[in-house]
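Notes for the one structure printed next.
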Amino acid sequence: TTDSSIEDPPSAEAEPAATEAAPAESTDEWFDQAVYDTQDEQRSATFEGDPAQPHLQYLAGDMTDTAAFASEGAKKVCFANASISNPWRQTGWITMNEQLKALQDSGVVSEMETRDAQDDDNTQISDIDYFISEGNCDAFIISPNSTAALTPAVERACETGKPVVVFDRGVETDCATSFIHPIGGFAWGIDTAEFLSGKLQEGDKVVALRILPGVDVLEQRWAAAERLFEENGIEAVDYFTGADPTEIKKIIADELATGDVQGVWMDAGDGAVAAIEAFEDAGADLPVMTGEDELSFLRKWEETGLDAMAPVYSNFQWRTPLLALEKIFAGEEVPAEWVLPQSPITEEDRGEFLEANEGMPDGHYAKFGGEDLPGYPTVWQERQIP
Amino acid sequence: MSPRKTPALTSTHIVYAVVLVTIAVGAVLVGSAGRNFFSTGNISDILTGTSVLGFIAIGQTLVILVGSLDLSVPYVISLSSLVAATVMANETGNILPGVLAALALAAAIGLANGLIVSGLKVHGFIATLGMGLIISGYLASNYKGSAGQTPLAFRLIGATGIGPVPVSTLIMLACAGAVLLLLNRSRLGSHMFAVGGDLTVARMSGIKTRVPVIAAHVLCSVLAGLAGLLLAARLGVGSPTIGSQGGYDLLSIAAVVLGGTLLAGGKGSLVGTLGGVLIFAMMDNIMSVLQINPFLKDVVRGVVIVAAVAVYARRRTLGRPARFSDTTGPAGPPDTRPERIQKDTGVTA
Amino acid sequence: MSAHPTARAESGSTRQPLSRNRSSRGERLLRFLRTPGGAVFVLLLALLAAVIAANPSFGEPGSLIRFLGRTAPIAIAAIGQYFVIASGEFDLSMGSVVTAQVIIAGNLIGQDESRAIPVLLLMLVFGAFVGFLNGCVTTLLGVPSFIVTLGTMLALLGLVMYWTGGAATGNPADSFRQIGRGGIPDVPVVEVIPYPLIILVVVAGAAFWLMRRPFGRTLLAAGDNPRAAALAGTPVWWVKTRAFMLSSLAATAAGIILVGYAGVHPSVGRGYEFTAITAVVLGGVVLGGGRGWVLSAAAGAFSLELLFTLLNFLGVQSTWRDSVQGLIIIVAVAVAAQTWQRKRRGAPPAASQVPPPQPGTAG
Amino acid sequence: MDNDVDSPAGSEAVLRAAGLSKSFFGVPVLSNADLTLFPGQVHGLVGENGAGKSTLMKLLAGVHQRDSGTIEIAGQAVDFSHPTQAHAAGLSTVFQEFNLLPERSVAENIFLGREPRRGILTDTRTMQARTSELLAELGVSSIRPGSPVSSLSVAQQQIVEIAKAISYDARIISMDEPTAALAGPEVELLYEIIRRLTSRGVAVLYVSHRLKEIFDLCDIITVLKDGQVVGCHPASELDDAALVRLMVGRPISAYFPDIEPGTAVGEVVLRAEKCGNDQLDSIDLSLRTGEIVGVAGLQGSGRTELLEALFGAAPFTRGTMELSGVRYAGRSPREAVRRGIALITEDRKSEGLSLNQSILDNALSVVRSVFPSRNRKARAGIPAMFSSLEVGARDLSQEVQYLSGGNQQKVVLAKWLAVNPRVVLLDEPTRGIDVGAKLAVYQLMRSLAANGAAILMVSSEIPEVLGMADRILVLRDGRIAGTAPPESTEEEVLALAAGVRADQEASQ
Ligand SMILES: Nc1ncnc2c1ncn2[C@@H]1O[C@H](COP(=O)(O)OP(=O)(O)OP(=O)(O)O)[C@@H](O)[C@H]1O
Ligand SMILES: Nc1ncnc2c1ncn2[C@@H]1O[C@H](COP(=O)(O)OP(=O)(O)OP(=O)(O)O)[C@@H](O)[C@H]1O
Ligand SMILES: [Mg+2]
Ligand SMILES: [Mg+2]
């Protein structure tokens, strides 16, 4: 037997990706002016929907007609998850499960079967194939482990004719009923780099702490930021840290041993505290800094009175896929590309978020958006992972 | 001749006994989750799981037999997938060049590993750890994310099956067959056992001791290259992290040891290795069906690896057949005595 | 002992009887520096010189002492790993033990300073227990330690992640973190003496002492030939198990320092086992057991860290650092291996073992 | 050199080595040695431990490269850098250490490196057939070509080694202590094989510490001493005493030293009653202070097992033991050592020594692991002990792997002397060591006995047992077949061991 879907010629969308992804020496490889411009605009765009429910907000655009999916009864959802291997995903996963409970109570979803690929593309492809052949799924939710590699598998899921919702990272096909994601990496890069450039002088030095190379979401953040630093005459050196605070601390210590550092930029908030502590330990002036909405950072920020901002890769997006399926099975149209708001936490609203998240562990994300869900706050406080 | 030839229970037998137990347990557990362990989709899921790890474990068996290790496989896999996908660039006509380029590069890496291990006398652990780091740096510097594209005809390999059996598994089994023949019926194979068993003896017997070591490393890398090709077929693109994502280095070593091969080299069985791979694949399948918490999956893996190896690791302390037993009277003088007694090094309490 | 009987071989043997107890001190030092275990100190000095050349401010006492402080955890881990490697085994669970301890500290101590001491004790007990488990399964069940500790590595990390849901509640109380972060202030010349450095010196001293004790010598003998050691009355299982316990305790010490130095995060400690093994091997300790000097392992750790620092200072593109590290490890170990070889083969490296040209029967 | 051997009538020397020298680490091990081998002759090579016999053989075989000198084979100068080149030139060697892979079959071992092939695959059938032929030619039928070497007895393994050497169709075969692991009947078999070889015109170079064999077999004898040839004579011109004088450079008055004055056989130290395990049965024995008890038996009769059982290394599962009247369980070597028992193992390299450790560390290994509190005191006594044992080594920090066999054995003895044992179990204590070292071991046993230790000694050399023991236990198939007094003849002991006079137990 041959999987029918694979016989189709690769979809047209895949073509540009192939050429675009060819190995290139330029550091600008991840930079895409058009996407950059779009995201730049989206930062200040107005979102449809209730700002009190940011996880349901979206930008006006193409909508998918879902009348064909409208049907009665509780549905079985199959979720192919990339992993829960970092605090951001863990927080989201907890939120998603609480959302699931809510929808089970309201009779929308009967059950959600989840396969966790433990960060492996190959496993996730198998997971999706397993769902297709054995899962009796009424709908698919896919959080792809990587963009290009999961494209064929997502296409196979689409071919079952069941609704497919993709979130977080995208894939190179628009066959999904809805693709849910916050504005994106370029917006993150612009927010952060503009903040730092505004606070720093020309010629100042920024240390960029990046987790690992080759992940598109992260690379786009840096691609935008690097470009802006260059434009503003800020000297930026970047390092890969593997999100290991020990590594971060050593890097900063070595940097401080070589000269002054005025700013710290991070492509994700893991280990932000270690970076700040490295300055404290060296007795150096605290830098201007961008981290993420992880509570550890917000707390340290408040404590030290640092000049900082916390960009956000909206964690509440983990609620949206299930809610999207609720709409889909109700026959309501959903955005084909569901762009969620992504607004950084600034000095002004930091206190507010710290207050709202009191008692949460350090690895929790301030904009997790689950305050109205049943298990709040215990489930997140105790970090109960199903 | 021998009056009571005890049918020797080899470690391979035990591995397959464990396989059977796993199947039984799997059938029950999967059944209790309302699924069928023996359905086409499930079998295909398991077998797909065996193919990538299978390729690597076959190669790893060779390397371990000659007394080395290969920790660079994940990076060879990634590199091979990238080279194949970029050379193919979605052109059917480029499939062959892509495959050859990937395998040639893998072979070259294996050659380098082999030369470092056998020529410079660097322990395989360190040599391949270092080589893995070198390649990983190259990958990180030159490939930002996935690259290239494999053409449809090539992707069919990753998606086609005969009944529940994926083509990739068949290719893996064919490779296993070839390697089995190599090990048991060729000079090179005997020499691999010899070099892993006792380097001095091998040298004294006129074996060019570097050749089997280098050959094992080259074959291991080429098999890792094949795994990379298979992944490129399944993914449709090359990926710089696909090898390390799977954690194939340690997992393949575990599968080899689980299959009864001596980590120190010189003794082992490829058939056993395949059993080890199958056990891992079934375990993953069962745990996924049961939706076990991913963190606990690792706990189960860890415990199973140790427990399974413990089962027959204890067996090796068996001595020769008893002349006298505690219950029965004197027996006739035995005329066979397998194995020089290898007592526990630990002293029993 | 005094009454032990001796053979009285008749009269003037022409063989020179062994009278000398030891060679002279200088002779021994020279011989030592030519072994891999000695050469690592030469490598260490060379790297230090290179780093200072690349960045003279690194050579200031204040910077140097901070460097020593921050390298302490990996050096301690290397010392722990040394015991296991010298006994002929591997400990791959080290990284997971570090992570587990870091998270235990974060979750159990929290902001409550009064819990620091009890939790510290608990961590030590837990570390010893993990080592005990590794050791017992390895020695009593006969499972290769590579596999045992691989299993522990997976299982331990999985359990801790499961328990904490992946992230600790938060950093432990500051007073506890001082162990890894603080130091004795206002010291002349060097400004501070970091506590981690003090811990390292104590650990290294203890390890050095231990290796000269009967335990240490027995450990090496058991690593070399466990069967002979067992027949000499050595409780091999217990000797090796203690090595595993020392390793896990060293990982615990490293964890305690790291939770202070870096704070709680599930990636603290990741890859520590490989770094530690690399450091030990760089220190000239032979994988497979029975050879090597414990302080060389620590020197190996410092060399490795200096190398990373050098790469930072030289501005090597960060993606290439892995490659350089890999290359250096291979080269260093190759050079060491050649030295052992030459030593074993005797005298000058003239007679290399050439593969046989045209053996008659092999075709 | 007094190389006064004439070539046998009409034959040319097949191997002629002149002025061979070799040093390790600047220490000369062999200097200016000459050796000439003639077809059809057995050439004995004797000398004390460390005299350089093995080194000389390895130079000829191309394992080590000589520092100077020339080697000619059949008139042609040769320069081997590898044993295979020697094989090709018709010289094969049975080395002192086993050169077999335990996990591989007999046939695979014999044809290792030159497996017959059909196409690209190994021709297993031919290989096995040729192995069978080879073994049949040697008159051995008990070894199957397909069985793994690890399943063979030590003696059988030695035969496989010899078969392998012969399989090269060599014109010259050198054998380094081939009988070290062999007992009576197997030695006979080897004699047979060697005679068959020489009758075909093969030249044999033969190393052994058993002088009887040298005189039984050899035509010419070369004596090495401290790396130099001190004599090369036709065997007919020499006798035991003359040979020993040449080797040792001093006369040996009595081969087996007399019992030391003041030695008194006292009360029972170790008693075993109705003991047994899966290899032994109905073991009743008692050892008294000051007594030397010999254990004789055929290969595989369970002598090693007996010592290991008494020592707790392979414990008894039945019966009771007492040590000085107190119950002794014998569950582990550690318990045995604690209670004052020592075991000098049969195989010093794999069971007696940590080869990478120094002499000092090996010598102190028992003290350190069992009596750590006595470490300091024991350490202080070591230099004196080593000089009285006459260990030839650079210094105490030298690794034992670089010592010759006899010196290694002395290190093994030293590590037990350091704890002053009450019961000393010795398994083949003189295997593969030279006369001088043997004498040292014998004297050591005597003085141990004089100091009140009880000694149980296993040996395959019956004269040695007869010469040393106060009484002799003879083992057969895991049971004590009887006790022989020291006045017994070799034949009487052998008969008991082989069960000739006893009714044959039928084997099913
Ligand atoms: N590879 C080596 N490296 C260093 N020294 C060696 C080596 N091989 C042998 N020697 C030394 O050379 C000397 C001669 O050793 P050799 O093995 O030739 O003696 P032998 O006459 O065979 O003794 P034995 O009867 O004990 O076997 C010994 O002192 C030994 O320590
Ligand atoms: N019946 C047998 N057949 C084959 N091998 C045997 C037999 N009995 C013993 N062996 C082997 O011979 C060696 C010595 O065996 P064991 O300890 O029983 O005999 P032993 O009387 O001590 O002989 P020795 O000490 O002379 O080798 C061991 O390797 C053992 O496996
Ligand atoms: Mg010798
Ligand atoms: Mg014996």
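All residue names refer to the structure tokens as shown: chains lettered A, B, ... in order, residues numbered from 1 in each chain, ligands numbered from 1 in order.
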
Practice prompt. Identify, counting only C-alpha atoms and all ligand atoms, the protein, DNA and RNA residues located within 9 Å of ligand 4, and give them as a list in words.
Written response: Gln299, Gly300, Ser301, Gly302, Arg303, Thr304, Glu305, Leu307, Thr345, Glu346, Asp347, Asp427, Glu428, Val458, Ser459 and Ser460 of chain D

Discussion item. Using only C-alpha atoms, which protein or nucleic acid residues come within 7 Å of range 26-39 of chain B? Drop anything in the same chain fewer than 6 positions from it, and give the result as a list in words.
Written reply: Ile286, Val289 and Leu290 of chain B

Only N, CA, C and O atoms, please: the residues just picked out, written as an mmCIF file, in the first residue's frame.
```cif
data_model
loop_
_atom_site.group_PDB
_atom_site.id
_atom_site.type_symbol
_atom_site.label_atom_id
_atom_site.label_comp_id
_atom_site.auth_asym_id
_atom_site.auth_seq_id
_atom_site.Cartn_x
_atom_site.Cartn_y
_atom_site.Cartn_z
ATOM 1 N N ILE B 286 3.580 1.078 22.617
ATOM 2 C CA ILE B 286 2.633 0.804 23.705
ATOM 3 C C ILE B 286 2.443 2.036 24.576
ATOM 4 O O ILE B 286 1.326 2.437 24.891
ATOM 5 N N VAL B 289 0.357 4.633 22.819
ATOM 6 C CA VAL B 289 -1.061 4.292 22.780
ATOM 7 C C VAL B 289 -1.696 4.543 24.142
ATOM 8 O O VAL B 289 -2.810 5.047 24.247
ATOM 9 N N LEU B 290 -0.955 4.227 25.188
ATOM 10 C CA LEU B 290 -1.492 4.421 26.532
ATOM 11 C C LEU B 290 -1.420 5.874 26.979
ATOM 12 O O LEU B 290 -1.815 6.198 28.091
#
```

Worksheet item: Between CA of Ala102 in chain B and CA of Ala84 in chain B, what is the spacing in Å?
Response: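 Those two atoms sit 5.4 Å apart.
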
Worksheet item: What is the distance between CA of Pro144 in chain C and CA of Gln157 in chain D, in Å to one decimal?
Response: 28.5 Å

Practice prompt. Can you tell me which residues come within 9 Å of ligand 3 when counting only C-alpha atoms and all ligand atoms, ideally as a count of residues only?
Written response: 19

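Pairwise distance (CA of Ser51 in chain B, CA of Ala310 in chain B) equals 25.7 Å.
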
Discussion item. Show me, as a PyMOL selection string, the residues of chain A whose atoms get within 8 Å of chain C, using only C-alpha atoms for the distance check.
Written reply: chain A and resi 85-87+90+238-240+242-246+249-251+254+257-258+271+273-274+281+296+360-363+383-385

Using only C-alpha atoms and a distance of at most 7 Å, pull out the residues of chain B that contact chain C, as a PDB file with N, CA, C and O atoms, in the first residue's frame.
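File written: iface-v5.pdb
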```pdb
ATOM      1  N   LEU B 120      45.358   6.305  15.448  1.00  0.00           N
ATOM      2  CA  LEU B 120      45.857   7.182  16.512  1.00  0.00           C
ATOM      3  C   LEU B 120      45.591   6.603  17.890  1.00  0.00           C
ATOM      4  O   LEU B 120      45.960   7.197  18.894  1.00  0.00           O
ATOM      5  N   LYS B 121      44.914   5.437  17.922  1.00  0.00           N
ATOM      6  CA  LYS B 121      44.656   4.741  19.191  1.00  0.00           C
ATOM      7  C   LYS B 121      43.868   5.599  20.168  1.00  0.00           C
ATOM      8  O   LYS B 121      44.139   5.606  21.359  1.00  0.00           O
ATOM      9  N   VAL B 122      42.909   6.344  19.643  1.00  0.00           N
ATOM     10  CA  VAL B 122      42.025   7.099  20.521  1.00  0.00           C
ATOM     11  C   VAL B 122      40.815   6.208  20.800  1.00  0.00           C
ATOM     12  O   VAL B 122      40.270   5.603  19.880  1.00  0.00           O
ATOM     13  N   ILE B 126      35.823   8.590  22.783  1.00  0.00           N
ATOM     14  CA  ILE B 126      36.320   9.956  22.627  1.00  0.00           C
ATOM     15  C   ILE B 126      36.398  10.348  21.154  1.00  0.00           C
ATOM     16  O   ILE B 126      35.999  11.436  20.750  1.00  0.00           O
ATOM     17  N   ALA B 127      36.905   9.435  20.337  1.00  0.00           N
ATOM     18  CA  ALA B 127      37.087   9.757  18.921  1.00  0.00           C
ATOM     19  C   ALA B 127      35.762  10.150  18.283  1.00  0.00           C
ATOM     20  O   ALA B 127      35.661  11.166  17.588  1.00  0.00           O
ATOM     21  N   GLY B 130      34.205  13.338  19.736  1.00  0.00           N
ATOM     22  CA  GLY B 130      34.860  14.486  19.111  1.00  0.00           C
ATOM     23  C   GLY B 130      34.373  14.691  17.686  1.00  0.00           C
ATOM     24  O   GLY B 130      34.053  15.812  17.280  1.00  0.00           O
ATOM     25  N   MET B 131      34.293  13.607  16.938  1.00  0.00           N
ATOM     26  CA  MET B 131      33.843  13.718  15.552  1.00  0.00           C
ATOM     27  C   MET B 131      32.411  14.240  15.511  1.00  0.00           C
ATOM     28  O   MET B 131      32.080  15.085  14.669  1.00  0.00           O
ATOM     29  N   LEU B 133      31.054  16.232  17.629  1.00  0.00           N
ATOM     30  CA  LEU B 133      31.106  17.671  17.903  1.00  0.00           C
ATOM     31  C   LEU B 133      31.551  18.445  16.660  1.00  0.00           C
ATOM     32  O   LEU B 133      30.999  19.501  16.334  1.00  0.00           O
ATOM     33  N   ILE B 134      32.542  17.899  15.977  1.00  0.00           N
ATOM     34  CA  ILE B 134      33.038  18.584  14.779  1.00  0.00           C
ATOM     35  C   ILE B 134      31.907  18.737  13.766  1.00  0.00           C
ATOM     36  O   ILE B 134      31.661  19.820  13.234  1.00  0.00           O
ATOM     37  N   ILE B 135      31.192  17.640  13.520  1.00  0.00           N
ATOM     38  CA  ILE B 135      30.107  17.717  12.535  1.00  0.00           C
ATOM     39  C   ILE B 135      29.005  18.632  13.041  1.00  0.00           C
ATOM     40  O   ILE B 135      28.429  19.409  12.270  1.00  0.00           O
ATOM     41  N   SER B 136      28.739  18.557  14.336  1.00  0.00           N
ATOM     42  CA  SER B 136      27.650  19.377  14.857  1.00  0.00           C
ATOM     43  C   SER B 136      27.967  20.861  14.660  1.00  0.00           C
ATOM     44  O   SER B 136      27.092  21.656  14.322  1.00  0.00           O
ATOM     45  N   GLY B 137      29.226  21.220  14.857  1.00  0.00           N
ATOM     46  CA  GLY B 137      29.615  22.609  14.596  1.00  0.00           C
ATOM     47  C   GLY B 137      29.439  22.970  13.135  1.00  0.00           C
ATOM     48  O   GLY B 137      28.942  24.052  12.795  1.00  0.00           O
ATOM     49  N   TYR B 138      29.808  22.053  12.276  1.00  0.00           N
ATOM     50  CA  TYR B 138      29.665  22.306  10.846  1.00  0.00           C
ATOM     51  C   TYR B 138      28.191  22.501  10.493  1.00  0.00           C
ATOM     52  O   TYR B 138      27.825  23.429   9.757  1.00  0.00           O
ATOM     53  N   ALA B 140      25.700  23.403  12.450  1.00  0.00           N
ATOM     54  CA  ALA B 140      25.145  24.634  13.001  1.00  0.00           C
ATOM     55  C   ALA B 140      25.614  25.847  12.208  1.00  0.00           C
ATOM     56  O   ALA B 140      24.891  26.824  12.047  1.00  0.00           O
ATOM     57  N   SER B 141      26.840  25.780  11.700  1.00  0.00           N
ATOM     58  CA  SER B 141      27.372  26.935  10.995  1.00  0.00           C
ATOM     59  C   SER B 141      26.851  27.033   9.574  1.00  0.00           C
ATOM     60  O   SER B 141      26.783  28.113   9.014  1.00  0.00           O
ATOM     61  N   GLY B 206      48.254 -12.406  11.929  1.00  0.00           N
ATOM     62  CA  GLY B 206      48.508 -11.803  10.633  1.00  0.00           C
ATOM     63  C   GLY B 206      47.359 -10.969  10.119  1.00  0.00           C
ATOM     64  O   GLY B 206      47.350 -10.564   8.962  1.00  0.00           O
ATOM     65  N   LYS B 208      45.470  -7.685   9.516  1.00  0.00           N
ATOM     66  CA  LYS B 208      45.778  -6.257   9.564  1.00  0.00           C
ATOM     67  C   LYS B 208      44.723  -5.657  10.459  1.00  0.00           C
ATOM     68  O   LYS B 208      43.602  -5.394  10.043  1.00  0.00           O
ATOM     69  N   ALA B 254      22.244   1.087  23.511  1.00  0.00           N
ATOM     70  CA  ALA B 254      21.397   0.319  24.426  1.00  0.00           C
ATOM     71  C   ALA B 254      20.758  -0.859  23.699  1.00  0.00           C
ATOM     72  O   ALA B 254      20.717  -1.972  24.229  1.00  0.00           O
ATOM     73  N   PHE B 295       7.435  12.314  30.315  1.00  0.00           N
ATOM     74  CA  PHE B 295       8.543  12.212  31.262  1.00  0.00           C
ATOM     75  C   PHE B 295       8.629  10.787  31.806  1.00  0.00           C
ATOM     76  O   PHE B 295       9.713  10.226  31.963  1.00  0.00           O
ATOM     77  N   LEU B 296       7.458  10.213  32.051  1.00  0.00           N
ATOM     78  CA  LEU B 296       7.464   8.847  32.579  1.00  0.00           C
ATOM     79  C   LEU B 296       7.924   7.845  31.523  1.00  0.00           C
ATOM     80  O   LEU B 296       8.482   6.802  31.849  1.00  0.00           O
ATOM     81  N   ASP B 298      10.414   8.136  29.644  1.00  0.00           N
ATOM     82  CA  ASP B 298      11.864   7.994  29.826  1.00  0.00           C
ATOM     83  C   ASP B 298      12.179   7.132  31.033  1.00  0.00           C
ATOM     84  O   ASP B 298      13.137   6.360  31.018  1.00  0.00           O
ATOM     85  N   VAL B 299      11.371   7.283  32.069  1.00  0.00           N
ATOM     86  CA  VAL B 299      11.595   6.461  33.257  1.00  0.00           C
ATOM     87  C   VAL B 299      11.434   4.988  32.879  1.00  0.00           C
ATOM     88  O   VAL B 299      12.287   4.153  33.195  1.00  0.00           O
ATOM     89  N   VAL B 300      10.350   4.688  32.174  1.00  0.00           N
ATOM     90  CA  VAL B 300      10.116   3.296  31.784  1.00  0.00           C
ATOM     91  C   VAL B 300      11.266   2.798  30.906  1.00  0.00           C
ATOM     92  O   VAL B 300      11.799   1.706  31.117  1.00  0.00           O
ATOM     93  N   GLY B 302      14.335   3.760  30.767  1.00  0.00           N
ATOM     94  CA  GLY B 302      15.530   3.549  31.566  1.00  0.00           C
ATOM     95  C   GLY B 302      15.455   2.258  32.365  1.00  0.00           C
ATOM     96  O   GLY B 302      16.390   1.453  32.363  1.00  0.00           O
ATOM     97  N   VAL B 303      14.328   2.053  33.005  1.00  0.00           N
ATOM     98  CA  VAL B 303      14.201   0.864  33.849  1.00  0.00           C
ATOM     99  C   VAL B 303      14.224  -0.407  32.993  1.00  0.00           C
ATOM    100  O   VAL B 303      14.900  -1.381  33.332  1.00  0.00           O
ATOM    101  N   ILE B 305      15.577  -0.943  30.042  1.00  0.00           N
ATOM    102  CA  ILE B 305      16.911  -1.224  29.503  1.00  0.00           C
ATOM    103  C   ILE B 305      17.737  -1.984  30.541  1.00  0.00           C
ATOM    104  O   ILE B 305      18.310  -3.034  30.269  1.00  0.00           O
ATOM    105  N   VAL B 306      17.760  -1.432  31.746  1.00  0.00           N
ATOM    106  CA  VAL B 306      18.595  -2.047  32.780  1.00  0.00           C
ATOM    107  C   VAL B 306      18.064  -3.424  33.154  1.00  0.00           C
ATOM    108  O   VAL B 306      18.813  -4.411  33.225  1.00  0.00           O
ATOM    109  N   VAL B 309      18.701  -6.116  30.417  1.00  0.00           N
ATOM    110  CA  VAL B 309      20.097  -6.549  30.333  1.00  0.00           C
ATOM    111  C   VAL B 309      20.466  -7.370  31.565  1.00  0.00           C
ATOM    112  O   VAL B 309      21.213  -8.340  31.480  1.00  0.00           O
ATOM    113  N   ALA B 310      19.888  -6.980  32.700  1.00  0.00           N
ATOM    114  CA  ALA B 310      20.199  -7.709  33.937  1.00  0.00           C
ATOM    115  C   ALA B 310      19.798  -9.176  33.830  1.00  0.00           C
ATOM    116  O   ALA B 310      20.471 -10.053  34.363  1.00  0.00           O
ATOM    117  N   ALA B 313      22.596 -10.797  31.916  1.00  0.00           N
ATOM    118  CA  ALA B 313      23.935 -10.491  32.417  1.00  0.00           C
ATOM    119  C   ALA B 313      24.260 -11.459  33.552  1.00  0.00           C
ATOM    120  O   ALA B 313      25.385 -11.895  33.713  1.00  0.00           O
ATOM    121  N   ARG B 314      23.253 -11.829  34.311  1.00  0.00           N
ATOM    122  CA  ARG B 314      23.497 -12.753  35.417  1.00  0.00           C
ATOM    123  C   ARG B 314      23.856 -14.148  34.931  1.00  0.00           C
ATOM    124  O   ARG B 314      24.571 -14.875  35.560  1.00  0.00           O
ATOM    125  N   THR B 345      32.758 -11.371  40.231  1.00  0.00           N
ATOM    126  CA  THR B 345      33.863 -10.606  40.783  1.00  0.00           C
ATOM    127  C   THR B 345      33.457 -10.103  42.149  1.00  0.00           C
ATOM    128  O   THR B 345      34.252  -9.981  43.037  1.00  0.00           O
ATOM    129  N   GLY B 346      32.185  -9.838  42.263  1.00  0.00           N
ATOM    130  CA  GLY B 346      31.696  -9.395  43.558  1.00  0.00           C
ATOM    131  C   GLY B 346      31.638 -10.592  44.487  1.00  0.00           C
ATOM    132  O   GLY B 346      31.417 -11.715  44.074  1.00  0.00           O
ATOM    133  N   VAL B 347      31.845 -10.345  45.712  1.00  0.00           N
ATOM    134  CA  VAL B 347      31.836 -11.442  46.654  1.00  0.00           C
ATOM    135  C   VAL B 347      30.458 -11.513  47.274  1.00  0.00           C
ATOM    136  O   VAL B 347      29.919 -10.506  47.724  1.00  0.00           O
TER     137      VAL B 347
END
```

Fill in: Interface residues on chain B facing chain A, 8 Å, only C-alpha atoms, written as a PyMOL selection string
chain B and resi 41-42+45+48-49+86+89+140+142-149+152+155-156+159-163+231+234-237+239-240+242+245-246+288-289+291+293-294

Worksheet item: Mind listing as a ChimeraX atom specification which residues of chain D are within 7 Å of chain B, counting only C-alpha atoms?
Response: /D:83-84,99-101,103,112-113,115,120-122,150-152,277-281,332,477,506-508

Practice prompt. As a PyMOL selection string, list the residues of range 149-298 of chain B assigned to strand (DSSP E or B) by DSSP on the backbone atoms of this structure.
Written response: chain B and resi 160-162+165-166+238

Could you dump the residues just selected with N, CA, C and O atoms as a short mmCIF file (atom, residue, chain, number, x, y, z; two decimals), in the first residue's frame?
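Printed below is result.cif as written:
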```cif
data_model
loop_
_atom_site.label_atom_id
_atom_site.label_comp_id
_atom_site.auth_asym_id
_atom_site.auth_seq_id
_atom_site.Cartn_x
_atom_site.Cartn_y
_atom_site.Cartn_z
N THR B 160 5.77 4.03 1.59
CA THR B 160 5.15 2.86 0.97
C THR B 160 5.32 1.66 1.86
O THR B 160 6.29 1.56 2.61
N GLY B 161 4.39 0.75 1.73
CA GLY B 161 4.52 -0.47 2.52
C GLY B 161 3.89 -1.63 1.80
O GLY B 161 3.07 -1.46 0.91
N ILE B 162 4.32 -2.81 2.14
CA ILE B 162 3.68 -4.01 1.61
C ILE B 162 2.84 -4.55 2.76
O ILE B 162 3.40 -5.05 3.75
N VAL B 165 3.89 -3.81 6.36
CA VAL B 165 5.34 -3.72 6.48
C VAL B 165 5.88 -2.60 5.60
O VAL B 165 5.81 -2.68 4.38
N PRO B 166 6.44 -1.56 6.21
CA PRO B 166 6.97 -0.46 5.42
C PRO B 166 8.19 -0.91 4.61
O PRO B 166 8.96 -1.75 5.06
N GLY B 238 15.93 17.87 4.21
CA GLY B 238 17.04 17.52 5.08
C GLY B 238 16.95 18.37 6.33
O GLY B 238 16.46 19.50 6.28
#
```

Worksheet item: Mind checking DSSP for range 285-377 of chain D and telling me the alpha helix (DSSP H) residues as a PyMOL selection string?
Response: chain D and resi 303-311+333-338+359-363+365-370+375-377

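Nearest to ligand 2 of all the residues D:Ile292, D:Ile143, D:Val94, D:Ile162 is D:Ile143, based on only C-alpha atoms and all ligand atoms.
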